[in-house]
Every structure is written in C-alpha cells, then in structure tokens.
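Just below is one structure, and these are the notes that go with it.
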Amino acid sequence: MITIEMSEVRDNSSRLREIITNTHLRAWIGKMAAMCQPDRLVLCQGGAAERRELFAMGVSQGVFIPLNQEKLPGCYLHRSNPNDVARSEASTYICTPLQAMVGPTNNWMDSKVAYIRLQELFGDCMKGRTMYVLPFVMGPIGSRLSRVGVQLTDSLYVAASMDIMTRMGDRALHVLGESAEFARCLHSVGDCDPRRRYICHFPLDNAVWSFGSGYGGNALLGKKCMGLRLASFQGFQQGWMAEHMLISGIREPDGNKSYVTAAFPSACGKTNFAMLIPPESYRKKGWQVTTVGDDIAWMWVDDTGKLRAINPESGYFGVLPGTSETTNPIAMRTISHDTIYTNVALLPDGDVWWEGKTAYSPAPATAPIVDWQGNPWTPETGRPAAHPNSRFTSPMQNNPILDPAADDPQGVPVTAIIFGGRRASTIPIVYQAFNWSYGVYVGASLGSETTAAATGRVGVVRRDPMAMLPFIGYNIGDYLVHWFRMRAKMADPPRIYHVNWFRRDEHGKFIWPGFGENIRILEWILKRSHGKAYAVETLLGWMPRPDDINLDGLELDTQAFAAAQRVDAEALKAELLAEEELFLKLAGELPKEMIFMRELLISRL
Ligand code: OXD
Ligand code: MN
C-alpha cells in the first residue's frame with residue numbers, strides 16, 4: 001500500500017502523478033478527497049503481504065479481533081454497529097433525471113437533488129480518518145464483460161473485504177490504463193446513523209455514493225451496487241445480463257460437464273447449492289459439483305449463439321447461521337482459514353460459533369461466551385448468539401471444489417437456468433418451463449418468503465422477480481423486455497426450471513431432504529436439458545414422473561414425491577391472485593408477453 005498525503009493531492013504532486021498515472025482517476029480522487037477531507041489517502045495495491053498488513057492495522061485499531069490462529073489461521077472477527085447488520089433497501093436509491101427510468105419497484109431520487117444532499121453528508125466526513133483507494137476488477141481479467149471500479153472508503157473493514165471479494169489492486173490500474181471508464185464508487189461509514197443512510201446509484205454516471213453503513217451489500221460496492229444494479233443497466237444497454245445467480249459445474253458419470261445458473265433470493269441456499277456435495281452413491285458413480293460463483297452471474301451470448309457466464313466476484317460473502325459440517329462441509333473448509341467472520345459469537349478459546357454450526361450450543365467453559373454484540377451469552381439468555389445475518393468473507397481460492405473455469409475470461413456455457421424460492425406450500429419441488437418466454441414469466445413471478453438478509457419482516461411471501469427485486473438498477477418493465485429479447489440472440493437457449501426445496505407437509509416438516517440430495521433433481525434437469533429424460537405436461541410446466549427421479553436410499557418414496565409435486569388448482573388460483581400484487585404495481589410497465597403467458601396459464605386452469 002502507498003500512503004499519499006493530502007498536500008500531494010492538493011498540489012497534484014509529481015509523486016502522485018507517478019503513482020496514479022490515469023488522469024481521469026487522479027482528477028476524480030482529487031475532487032472526492034477535497035470534499036471528504038481525509039487526513040491521508042492509502043492506495044491499496046493488492047497481494048498477500050498487503051492483506052496481512054490490512055489485518056494487522058485492523059487489529060491495532062480494534063476493527064478486527066484475531067481468532068485462534070491454530071484453529072483458524074488467518075481468520076478475524078469483526079463486529080458491525082448493531083444498527084447496521086443487513087442491506088437497507090429502504091435507504092437504497094436509483095438516481096436519475098427522470099423517475100420513469102427507475103420504474104415502480106425502485107426508490108427514486110432526482111440525481112441533482114441526490115448529489116446536493118450527498119455532498120452535504122460527505123463534506124468533511126473523513127476528517128481524522130484515512131481514505132482507502134481501492135481499484136478493483138469485477139470478472140476474470142481479460143474477459144469481455146470484466147469491468148473496472150474504484151472504491152474510495154474510510155472503512156478498513158471494507159478495504160480488507162474488497163480485497164477478498166474482488167480482484168483488487170495494481171492489476172486493476174493496469175487493466176484500466178488511461179481509460180475514463182470505471183465505476184466511481186464513493187463510500188463513507190459516516191456516523192452510521194440509519195436516518196442518514198443513503199445508498200445512491202447513478203447509472204447514467206456509472207457511479208455509486210454510499211453513506212452511513214459499513215455492512216455487506218451497502219458498503220462493498222463491487223457486489224450489489226456495481227455487480228448488479230449498475231451492471232444490470234449496462235447489460236440492458238449493451239445486450240448482456242447481470243443476474244443474482246450462482247453458477248455451478250456438474251460432471252455426470254459419462255464425464256460430460258454442464259453448467260447451470262440458479263437465481264434464489266438472498267439467504268435461500270445459493271451458496272449451499274454452489275458447494276453441493278452429492279451423496280456417496282452419486283459420488284461413486286462419478287457425479288461431481290464444482291463452484292464458479294455463489295451470488296452473481298454476468299452473461300452474454302457468444303458468436304455461436306450460446307449463453308456464457310462469468311462470476312464477477314472472487315470471494316464469498318455467505319450467511320453463517322445454518323452452515324455446518326452436515327449442511328455445507330465445503331463452506332466449512334472454505335472458512336477454516338483466511339476468512340473474516342462478521343457478527344458471530346466468540347468462544348473462550350478464540351473459536352467462533354453461530355446458530356446451527358453444531359447441533360447444541362457450545363457448553364460454557366471457564367470464560368463466558370461472547371455474543372455478536374460483545375456481551376456475555378448463555379443459551380438461557382434466549383437471544384441468538386450470532387446475528388441471523390452473520391456472514392463469512394472468504395476468497396474463492398479457499399474453496400476445495402472451485403471450478404477450474406472460475407477465473408476463465410471465456411466463462412462457461414449455460415445449459416440450464418433454475419429459478420427457486422422458499423415456499424412452504426403450493427409450489428412443487430421441480431418443474432420445467434415450456435419454453436423461454438414462459439420461463440421468463442416463471443422467473444418474473446417468483447415468490448419467496450423473506451429472510452434476514454434485508455431489514456424488514458421475515459417469513460412473508462414477497463414477489464421477487466428473478467430474485468432481482470432489490471437489485472434491478474432500472475425500470476423493471478424494461479428489464480423483463482430485455483429478458484424476452486435475449487432469446488432472439490441465442491441459437492440454443494438454456495432450458496428454464498423452477499425448484500422449491502422448502503415445501504412442507506401437513507405437519508410442517510420439509511418434504512424434500514435438500515442439500516446434497518438436490519443432485520437427484522439436478523440429474524433430471526440435466527437429462528431434460530440434453531433431451532434424455534421424460535416429462536409430463538402439467539398446468540405449471542413439464543414435470544418428471546415420480547419414477548423419473550432417483551429416490552434410492554431416501555426415506556421419501558415415490559408416493560410422497562408425487563404428493564410433493566402435486567399442484568392444487570385452488571392453491572394455484574390463490575397464487576395467481578397473489579401475483580396480482582406485482583402485476584398491479586407494474587401496470588403500464590408490464591411487457592405484453594407477461595400478460596399472454598399469464599392468460600395461457602389461466603386458461604390451462
Ligand atoms: C447477499 C444478499 O449478501 O443477497 O448476497 O443479500
Ligand atoms: Mn445475494
């Protein structure tokens with residue numbers, strides 16, 4: 001890292017000109033530093049030594065607590081402000097000159113008004129603080145879709161996290177060269193007052209200004225802000241797609257490997273899916289799953305008409321509660337070293353704990369367990385020890401089943417797109433859309449029970465089109481039209497499916513075992529996509545006959561599976577009425593294909 005004094009910025013010193021040769025970047029940094037008035041700037045260059053230095057600095061400043069370095073080498077605990085523990089959708093804005101550009105599902109602010117309001121907040125906000133300058137690349141270096149961003153932030157936690165989540169440092173400046181094309185990401189934790197929290201996106205300026213939060217998607221601006229909101233708008237303009245999707249490689253026993261992408265709302269199991277270990281009977285036959293990405297896919301159609309995908313990130317920011325040796329052993333290995341733990345409980349021996357890590361709460365030892373807020377904790381307190389949205393930040397290189405193509409600029413070909421929600425009733429375990437247009441309708445009408453990943457009520461069904469509701473950086477009507485139109489570019493479009501691992505029986509018990517056993521459903525999905533499996537036509541789409549899913553070794557028999565696949569016409573009618581909530585909101589913006597698809601479904605009913 002290189003320290004730059006404010007005087008050098010003011011004078012545009014020759015040293016500064018040597019360090020940052022790009023005139024556009026230097027001018028922008030100068031302007032932002034003049035507004036924020038940090039004591040100094042630190043340019044991050046990336047690399048292992050710098051990462052160690054960032055953690056050492058964080059420890060001395062109390063930002064990071066070193067964990068037991070024998071058990072968890074290179075791991076640190078960070079506690080966020082208790083009022084700052086999830087994405088703040090209510091404080092998230094798309095700022096444009098015209099409200100019509102952002103549509104009915106985004107908070108809008110006039111860009112001029114937003115800049116004035118934000119300039120007031122950012123004015124002098126870094127006095128007494130360091131401004132970290134973080135150049136980064138989203139996407140494998142050299143990919144046609146990769147994009148450079150530069151984040152300015154007063155948070156050391158954010159600097160260390162961006163180093164894990166993105167390709168940060170000198171290589172980004174190298175990719176940028178003398179170009180003016182980079183996402184301008186300005187960030188300050190400010191005083192972390194939720195009333196003064198703004199996450200403002202300026203898609204027309206390729207810029208994000210985020211104030212008042214140091215947490216996750218509000219603060220790591222490469223992720224949701226640039227990787228989804230700005231990128232989805234650029235994709236619309238330039239003919240590609242930025243989606244809230246994992247990317248997985250699946251190798252079948254015959255050695256053929258296919259890639260699927262899957263869109264699930266936040267905290268619905270994308271990371272578990274991306275790190276799936278098939279049960280032993282499948283592994284023995286040669287099935288293997290590998291991870292390309294667990295949260296974001298950028299996709300384009302190549303010269304042969306095939307949809308290809310890259311993961312723009314280089315790390316995982318995953319939910320911890322519920323993650324264990326049984327539910328996700330790959331994640332457990334991934335987070336066993338060189339990982340930031342945020343808002344988990346601290347055990348007396350310097351290990352960490354969260355609800356669901358072990359079947360039982362850790363027994364209190366001689367010293368007390370400390371909860372995510374730093375208070376003594378016992379199971380009797382009745383409070384969770386870890387925050388329900390506590391997270392890990394780990395580099396993808398830690399993942400023992402990382403796909404060899406995860407860093408390939410050419411990306412991977414997409415065979416199937418899977419939409420999924422968390423639904424206790426109504427929606428079967430799996431069905432296939434009849435065609436691309438109906439698949440877009442299926443994705444657009446996706447419903448899911450809300451989780452702790454965003455502030456607000458948990459457990460209510462919300463319409464979450466393509467799992468992108470909080471992340472579409474422009475008008476949702478245009479977004480859906482873009483999805484329909486992408487079909488015309490493709491010679492052989494991916495097949496589209498819907499899954500629901502979360503259906504419950506009349507006793508409230510999950511019917512489908514989930515996790516590694518999901519490979520049984522993926523087996524049918526791949527066979528279907530390659531034209532090698534049967535299906536029956538139903539109201540909702542193509543479904544496997546119960547015999548078409550391998551249930552060997554499961555408690556669930558064919559009859560129970562058939563019950564889990566049942567579509568109740570009355571429940572489906574209620575579902576269609578519930579979709580009305582979204583359709584009404586989109587009135588006037590709704591592409592006509594959506595209305596046709598819905599009418600076809602109603603007529604099948
Ligand atoms: C995430 C989210 O952090 O979707 O990935 O909230
Ligand atoms: Mn996400």
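Residue numbers start at 1 in each chain; chains themselves are named A, B, ... in the order of the structure tokens; ligands are numbered from 1 in the order shown.
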Exercise. If we count only C-alpha atoms, what is near Ala491 (chain A) at a cut-off of 12 Å, once residues fewer than 4 positions away on the same chain are taken out, given as a list in words?
Worked result: Val301, Asp302, Asp303, Thr304, Gly305, Lys306, Leu307, Met486 and Arg487 of chain A
For the contact check between chain A and ligand 2, emit one row per residue of chain A within 10 Å, containing the shortest atom pair and the distance in Å rounded to one decimal, counting only C-alpha atoms and all ligand atoms, chain then rising number order, as a tab-separated table.
```
residue	atom	partner	partner_atom_place_in_ligand_line	distance
A:Gly216	CA	ligand 2	1 (Mn)	10.0
A:Gly217	CA	ligand 2	1 (Mn)	8.3
A:Lys223	CA	ligand 2	1 (Mn)	8.5
A:Lys224	CA	ligand 2	1 (Mn)	7.5
A:Leu228	CA	ligand 2	1 (Mn)	9.5
A:Glu243	CA	ligand 2	1 (Mn)	9.8
A:His244	CA	ligand 2	1 (Mn)	6.2
A:Met245	CA	ligand 2	1 (Mn)	8.0
A:Leu246	CA	ligand 2	1 (Mn)	9.1
A:Ala263	CA	ligand 2	1 (Mn)	9.3
A:Phe264	CA	ligand 2	1 (Mn)	8.3
A:Pro265	CA	ligand 2	1 (Mn)	6.9
A:Ser266	CA	ligand 2	1 (Mn)	4.8
A:Ala267	CA	ligand 2	1 (Mn)	7.3
A:Cys268	CA	ligand 2	1 (Mn)	9.3
A:Gly269	CA	ligand 2	1 (Mn)	10.0
A:Lys270	CA	ligand 2	1 (Mn)	8.2
A:Thr271	CA	ligand 2	1 (Mn)	9.3
A:Asp294	CA	ligand 2	1 (Mn)	8.2
A:Asp295	CA	ligand 2	1 (Mn)	5.0
A:Ile296	CA	ligand 2	1 (Mn)	7.2
A:Tyr316	CA	ligand 2	1 (Mn)	9.9
A:Phe317	CA	ligand 2	1 (Mn)	8.4
A:Gly318	CA	ligand 2	1 (Mn)	8.5
A:Val319	CA	ligand 2	1 (Mn)	9.7
A:Ala453	CA	ligand 2	1 (Mn)	8.4
A:Ala467	CA	ligand 2	1 (Mn)	8.7
A:Met468	CA	ligand 2	1 (Mn)	9.1
A:Pro470	CA	ligand 2	1 (Mn)	9.8
A:Phe471	CA	ligand 2	1 (Mn)	9.2
```
Exercise. Which residue gives the smallest distance to Arg195 (chain A) among A:Val414, A:Val460, A:Leu176, A:Leu121, with only C-alpha atoms counted?
Worked result: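 Counting only C-alpha atoms, the residue closest to Arg195 (chain A) is A:Leu121.
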Exercise. A:Phe64, A:Trp372, A:Trp287, A:Trp483: which is nearest Val85 (chain A), counting only C-alpha atoms?
Worked result: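 Checking each of A:Phe64, A:Trp372, A:Trp287, A:Trp483 against Val85 (chain A), counting only C-alpha atoms, the winner is A:Trp372.
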Exercise. Using the chain letters and numbers from this document, which residues of region 413-559 of chain A does DSSP assign to helix (DSSP H, G or I), as an NGL selection string?
Worked result: :A and (436-444 or 465-467 or 476-489 or 515-529 or 546-548 or 558-559)
For this session: Compile the contact shell of Val148 (chain A) as a list in words: residues with an atom at most 7 Å away, counting only C-alpha atoms, same-chain residues fewer than 4 positions apart removed.
Result: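 Non-adjacent residues within range: Phe136, Val137, Met138, Ala172, Leu176, Phe182 and Ala183 of chain A.
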For this session: Could you give me, as a list of chain:residue names, the residues within 12 Å of Ala533 (chain A), counting only C-alpha atoms and dropping anything in the same chain fewer than 6 positions from it?
Result: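 Close residues of Ala533 (chain A): A:Gln432, A:Ile521, A:Leu522, A:Glu523, A:Trp524, A:Ile525, A:Leu526, A:Lys527, A:Trp542, A:Met543, A:Pro544, A:Arg545, A:Asp547, A:Asp548, A:Ile549.
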Exercise. Interatomic distance between CA of Met490 (chain A) and CA of Leu145 (chain A)?
Worked result: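 Going from CA of Met490 (chain A) over to CA of Leu145 (chain A), I get 17.5 Å.
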Exercise. What lies within 6 Å of Ile247 (chain A) using only C-alpha atoms, ignoring chain neighbours under 2 positions off, as a list in words?
Worked result: Val260, Thr261, Val292 and Gly293 of chain A
For this session: Using only C-alpha atoms, find the one residue out of A:Ala331, A:Ala560, A:Leu554, A:Ala444 that sits nearest to Pro513 (chain A).
Result: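 Result for the nearest residue to Pro513 (chain A): A:Leu554.
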Problem set entry | Every residue of region 3-219 of chain A that DSSP places in strand (DSSP E), as a ChimeraX atom specification | /A:3-5,40-43,65-66,76-78,92-96,107-110,130-138,147-153,167-168,183-188,198-202,207-211
Problem set entry | Shell of 8 Å around region 96-108 of chain A, only C-alpha atoms, local chain residues under 6 positions omitted, as a ChimeraX atom specification | /A:90,202-204,469-470,472-477,585-586,589
Exercise. Near region 418-428 of chain A, counting only C-alpha atoms, which residues have an atom at most 7 Å away, once you skip same-chain residues fewer than 4 positions from it, shown as a PyMOL selection string?
Worked result: chain A and resi 261-265+268+443+446-449+466+496-500+502-504+564-568+571-572
Take the residues just selected and output them with N, CA, C and O atoms as an mmCIF file, in the first residue's frame.
```cif
data_model
loop_
_atom_site.group_PDB
_atom_site.id
_atom_site.type_symbol
_atom_site.label_atom_id
_atom_site.label_comp_id
_atom_site.auth_asym_id
_atom_site.auth_seq_id
_atom_site.Cartn_x
_atom_site.Cartn_y
_atom_site.Cartn_z
ATOM 1 N N THR A 261 -26.996 -22.119 -13.998
ATOM 2 C CA THR A 261 -27.057 -20.949 -13.129
ATOM 3 C C THR A 261 -28.378 -21.042 -12.368
ATOM 4 O O THR A 261 -29.338 -21.643 -12.857
ATOM 5 N N ALA A 262 -28.414 -20.464 -11.178
ATOM 6 C CA ALA A 262 -29.647 -20.540 -10.399
ATOM 7 C C ALA A 262 -29.863 -19.249 -9.634
ATOM 8 O O ALA A 262 -28.947 -18.723 -8.995
ATOM 9 N N ALA A 263 -31.086 -18.730 -9.746
ATOM 10 C CA ALA A 263 -31.450 -17.478 -9.080
ATOM 11 C C ALA A 263 -32.352 -17.801 -7.901
ATOM 12 O O ALA A 263 -33.450 -18.341 -8.078
ATOM 13 N N PHE A 264 -31.886 -17.510 -6.714
ATOM 14 C CA PHE A 264 -32.678 -17.642 -5.491
ATOM 15 C C PHE A 264 -32.564 -16.308 -4.752
ATOM 16 O O PHE A 264 -31.486 -15.713 -4.764
ATOM 17 N N PRO A 265 -33.620 -15.887 -4.088
ATOM 18 C CA PRO A 265 -33.495 -14.669 -3.282
ATOM 19 C C PRO A 265 -32.413 -14.818 -2.203
ATOM 20 O O PRO A 265 -31.957 -15.942 -1.944
ATOM 21 N N CYS A 268 -31.396 -17.979 0.621
ATOM 22 C CA CYS A 268 -32.252 -19.138 0.304
ATOM 23 C C CYS A 268 -31.429 -20.323 -0.187
ATOM 24 O O CYS A 268 -31.966 -21.241 -0.804
ATOM 25 N N GLY A 443 -39.832 -16.944 -13.934
ATOM 26 C CA GLY A 443 -38.847 -16.195 -13.145
ATOM 27 C C GLY A 443 -39.413 -14.877 -12.650
ATOM 28 O O GLY A 443 -39.204 -14.471 -11.509
ATOM 29 N N LEU A 446 -41.661 -15.135 -9.620
ATOM 30 C CA LEU A 446 -41.051 -15.835 -8.482
ATOM 31 C C LEU A 446 -41.516 -15.226 -7.154
ATOM 32 O O LEU A 446 -41.498 -14.015 -6.977
ATOM 33 N N GLY A 447 -41.921 -16.117 -6.241
ATOM 34 C CA GLY A 447 -42.279 -15.659 -4.903
ATOM 35 C C GLY A 447 -41.413 -16.376 -3.894
ATOM 36 O O GLY A 447 -41.013 -17.512 -4.115
ATOM 37 N N SER A 448 -41.107 -15.699 -2.789
ATOM 38 C CA SER A 448 -40.287 -16.345 -1.777
ATOM 39 C C SER A 448 -40.555 -15.715 -0.421
ATOM 40 O O SER A 448 -40.909 -14.537 -0.337
ATOM 41 N N GLU A 449 -40.385 -16.544 0.632
ATOM 42 C CA GLU A 449 -40.546 -15.996 1.980
ATOM 43 C C GLU A 449 -39.308 -15.170 2.319
ATOM 44 O O GLU A 449 -38.187 -15.607 2.069
ATOM 45 N N MET A 466 -37.055 -12.810 -10.662
ATOM 46 C CA MET A 466 -35.687 -13.291 -10.947
ATOM 47 C C MET A 466 -34.770 -13.171 -9.710
ATOM 48 O O MET A 466 -33.548 -13.105 -9.872
ATOM 49 N N ILE A 496 -35.223 -23.626 -18.936
ATOM 50 C CA ILE A 496 -35.510 -22.906 -17.689
ATOM 51 C C ILE A 496 -36.358 -23.781 -16.757
ATOM 52 O O ILE A 496 -37.323 -24.418 -17.204
ATOM 53 N N TYR A 497 -35.999 -23.798 -15.475
ATOM 54 C CA TYR A 497 -36.677 -24.639 -14.474
ATOM 55 C C TYR A 497 -37.047 -23.806 -13.251
ATOM 56 O O TYR A 497 -36.476 -22.739 -13.013
ATOM 57 N N HIS A 498 -37.968 -24.366 -12.471
ATOM 58 C CA HIS A 498 -38.273 -23.790 -11.155
ATOM 59 C C HIS A 498 -38.133 -24.890 -10.110
ATOM 60 O O HIS A 498 -38.630 -25.996 -10.310
ATOM 61 N N VAL A 499 -37.447 -24.595 -9.010
ATOM 62 C CA VAL A 499 -37.351 -25.573 -7.917
ATOM 63 C C VAL A 499 -37.807 -24.935 -6.606
ATOM 64 O O VAL A 499 -37.781 -23.712 -6.446
ATOM 65 N N ASN A 500 -38.240 -25.776 -5.701
ATOM 66 C CA ASN A 500 -38.609 -25.344 -4.351
ATOM 67 C C ASN A 500 -38.179 -26.442 -3.389
ATOM 68 O O ASN A 500 -38.853 -27.445 -3.253
ATOM 69 N N PHE A 502 -38.138 -26.206 -0.339
ATOM 70 C CA PHE A 502 -38.646 -25.857 1.007
ATOM 71 C C PHE A 502 -40.107 -26.238 1.238
ATOM 72 O O PHE A 502 -40.722 -25.771 2.186
ATOM 73 N N ARG A 503 -40.693 -27.069 0.359
ATOM 74 C CA ARG A 503 -42.097 -27.418 0.553
ATOM 75 C C ARG A 503 -42.254 -28.268 1.826
ATOM 76 O O ARG A 503 -41.439 -29.139 2.101
ATOM 77 N N ARG A 504 -43.325 -27.993 2.582
ATOM 78 C CA ARG A 504 -43.543 -28.715 3.844
ATOM 79 C C ARG A 504 -44.793 -29.575 3.770
ATOM 80 O O ARG A 504 -45.709 -29.265 3.008
ATOM 81 N N ALA A 564 -45.458 -34.297 -3.152
ATOM 82 C CA ALA A 564 -44.697 -33.042 -3.114
ATOM 83 C C ALA A 564 -44.747 -32.312 -4.451
ATOM 84 O O ALA A 564 -44.488 -31.111 -4.538
ATOM 85 N N GLN A 565 -45.069 -33.045 -5.504
ATOM 86 C CA GLN A 565 -45.137 -32.443 -6.846
ATOM 87 C C GLN A 565 -46.548 -31.970 -7.180
ATOM 88 O O GLN A 565 -46.777 -31.364 -8.208
ATOM 89 N N ARG A 566 -47.506 -32.312 -6.293
ATOM 90 C CA ARG A 566 -48.899 -32.043 -6.638
ATOM 91 C C ARG A 566 -49.169 -30.539 -6.770
ATOM 92 O O ARG A 566 -48.710 -29.738 -5.962
ATOM 93 N N VAL A 567 -49.915 -30.203 -7.792
ATOM 94 C CA VAL A 567 -50.332 -28.812 -7.962
ATOM 95 C C VAL A 567 -51.830 -28.760 -7.712
ATOM 96 O O VAL A 567 -52.611 -29.397 -8.406
ATOM 97 N N ASP A 568 -52.202 -28.023 -6.717
ATOM 98 C CA ASP A 568 -53.605 -27.909 -6.358
ATOM 99 C C ASP A 568 -54.188 -26.692 -7.092
ATOM 100 O O ASP A 568 -53.692 -25.573 -6.947
ATOM 101 N N ALA A 571 -55.136 -23.770 -4.901
ATOM 102 C CA ALA A 571 -53.961 -23.064 -4.366
ATOM 103 C C ALA A 571 -53.297 -22.242 -5.465
ATOM 104 O O ALA A 571 -52.800 -21.131 -5.231
ATOM 105 N N LEU A 572 -53.318 -22.791 -6.677
ATOM 106 C CA LEU A 572 -52.697 -22.080 -7.799
ATOM 107 C C LEU A 572 -53.476 -20.813 -8.150
ATOM 108 O O LEU A 572 -52.890 -19.783 -8.503
#
```
Exercise. Which one is closest to ligand 1: A:His174, A:Arg457, A:Lys285, A:Arg391? Count only C-alpha atoms and all ligand atoms.
Worked result: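 The closest residue to ligand 1 is A:Arg391.
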For this session: Can you work out which one of A:Ile310, A:Ile164, A:Cys225, A:Cys125 has the shortest atom-to-atom distance to ligand 1, counting only C-alpha atoms and all ligand atoms?
Result: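 Of A:Ile310, A:Ile164, A:Cys225, A:Cys125, the one nearest ligand 1 is A:Cys225, counting only C-alpha atoms and all ligand atoms.
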Problem set entry | A:Lys112, A:Arg251, A:Arg79, A:Arg87 ranked by distance to Asn218 (chain A), top pick (using only C-alpha atoms) | A:Arg87
Problem set entry | Separation of CA of Thr451 (chain A) from CA of Asn375 (chain A) in Å |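 CA of Thr451 (chain A) lies 24.7 Å from CA of Asn375 (chain A).
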